[in-house]
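Peer 1: One structure is given below, represented as structure tokens, and several questions about it will come after.
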There are 2 protein chains.
Amino acid sequence: MLELGSPNNKDQIPARMSDMATINSDQELTALLHERGQRVTPQRLVIHRVLRQRDRHLTAEEVHEAVKHDLPSTSTPTVYATLDLLADLGLIRRVDAGPGPALYDARTEPHHHTICRRCGQVEDLNTPVDFSALYGAARTAGFDPMQIDVVVSGLCANCSAERT
Amino acid sequence: MLELGSPNNKDQIPARMSDMATINSDQELTALLHERGQRVTPQRLVIHRVLRQRDRHLTAEEVHEAVKHDLPSTSTPTVYATLDLLADLGLIRRVDAGPGPALYDARTEPHHHTICRRCGQVEDLNTPVDFSALYGAARTAGFDPMQIDVVVSGLCANCSAERT
DNA sequence: CTGGATGCAAACTCTTTGCATGCAT
DNA sequence: ATGCATGCAAAGAGTTTGCATCCAG
């Protein structure tokens, strides 16, 4: 326990920042998986399709529910493994926004998130932010940055109003 | 299950951004807890002291271990409840950096974090970033921002080297 | 004294593992 | 044919809950 740090010790090579790709069809996904030496399975296609078709951020469990509609035998470990794979390949983003389950998002273009501390609601923020100094500082420290995640936490409009 | 969003449904009123305070002694913490109508207990003092005295980010379990040295009977739920309380009061920061346990940090002044995707190591980045546009966008959406967390994920110097 | 804080044990949520089978290449 | 992906069941990590006792105000 407390094995400090083994969040991703698969031998999967994570995506470079430049690998971030927006996928809009099963064909594109198929091509990309092949390019990266990954197998194309019905589960992978359906899971990515679910994320493309929904416009909100989904938990692994929500993905699982939706996927079972098309592919009823799909298992929980497959959903997690596939979400991990797609995130490592840069084809989806994993959003860690505080307590509770991780969220997954097919929008790979840079954007940020707000999370409400009371109700947990997560929303997108599309405002661009200049991170060049931050990337520079990371690289100076020998760190090879792949992705940057910004979470603005606070109170959403509803919860803010309820609080008087 | 999947009760979408109840990360913090205590009636604790979260800190305003301006409430962020750097505490350097038990006296200061005592005064601040009193000011905010909170009780001062030995557990709360020791838990905050542990976070002040260590220079890295600590998990709840690491805090618990350290606290037991001074206050052997301290329980796990108390550690979690106290870390939550201190974070809600703006006296410590909770850092959610991907999978694995949450980290807690006595440094409340704005700073950012890098997390290595392979080994999970978390480090500080002190480079300032201009978030005014982001805050503006959040407020325009009716969101009341309290804190902003930036996580740069990628490969740390060691893991980057090992990968060839 | 009185309500919030604590300790204990157990439950709960989210995610991963081990192993046998199946299917993409 | 080969070996990675899948499904199943079970275990694991991290955190929370319920309830009785305790102590700060």
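Identifiers in the structure tokens: chain A, B, ... in order shown; residue index from 1 per chain; ligand index from 1 in order shown.
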Please provide as a ChimeraX atom specification all residues within 12 Å of Gln27 (chain B), with the sequence filter that same-chain residues fewer than 4 positions apart are discarded (counting only C-alpha atoms (C1' of nucleotides)).
Peer 2: /B:23,31-34,40,45,48-49
Peer 1: Could you save the residues just selected, with C-alpha atoms, as a short mmCIF file (atom, residue, chain, number, x, y, z; two decimals), in the first residue's frame?
Peer 2:
```cif
data_model
loop_
_atom_site.label_atom_id
_atom_site.label_comp_id
_atom_site.auth_asym_id
_atom_site.auth_seq_id
_atom_site.Cartn_x
_atom_site.Cartn_y
_atom_site.Cartn_z
CA ILE B 23 -0.40 29.51 8.77
CA ALA B 31 -6.86 32.06 16.11
CA LEU B 32 -8.10 31.31 12.62
CA LEU B 33 -10.21 28.35 13.69
CA HIS B 34 -11.80 30.44 16.41
CA VAL B 40 -9.66 23.82 18.23
CA LEU B 45 -3.35 21.30 15.46
CA HIS B 48 -1.80 21.02 10.29
CA ARG B 49 1.60 20.99 11.98
#
```
Peer 1: List every residue of chain D that has an atom at most 12 Å from any atom of region 84-106 of chain A, giving for each one its closest atom pair and the distance in Å to one decimal, counting only C-alpha atoms (C1' of nucleotides), sorted by chain and then by ascending residue number, as a Markdown table.
Peer 2:
```
| residue | atom | partner | partner_atom | distance |
| --- | --- | --- | --- | --- |
| D:DA5 | C1' | A:Leu85 | CA | 11.8 |
| D:DG14 | C1' | A:Pro99 | CA | 10.6 |
| D:DT15 | C1' | A:Pro99 | CA | 9.5 |
| D:DT16 | C1' | A:Pro99 | CA | 11.8 |
```
Peer 1: Counting only C-alpha atoms (C1' of nucleotides), which residue out of C:DT25, C:DT17, C:DA11, C:DG4 sits closest to DT2 (chain D)?
Peer 2: C:DT25
Peer 1: Looking at B:Met20, B:Thr140, B:Pro42, B:Arg107, which one is nearest to chain C, with distances taken over only C-alpha atoms (C1' of nucleotides)?
Peer 2: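 With only C-alpha atoms (C1' of nucleotides) as the atom set, the closest residue is B:Pro42.
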Peer 1: Restrict the distance test to only C-alpha atoms (C1' of nucleotides), flag each residue of chain B within 10 Å of chain C, and return the flagged residues as a VMD selection string.
Peer 2: chain B and resid 1 to 2 38 to 41 43 73 to 78 81 to 82 99
Peer 1: Per DSSP on the backbone, what are the strand (DSSP E or B) residues of chain A, as a ChimeraX atom specification?
Peer 2: /A:58-59,93-95,103-105,112-116,122-125,144-155
Peer 1: Could the residues of chain B within 8 Å of chain A, counting only C-alpha atoms, be given as a PyMOL selection string, please?
Peer 2: chain B and resi 2+4-9+61+96-100+114+117-121+125+127-131+133-134+137-138+141-157+160
Peer 1: What is the CA of Leu71 (chain B)-CA of Asn24 (chain B) distance in Å, reported with one decimal?
Peer 2: 20.2 Å
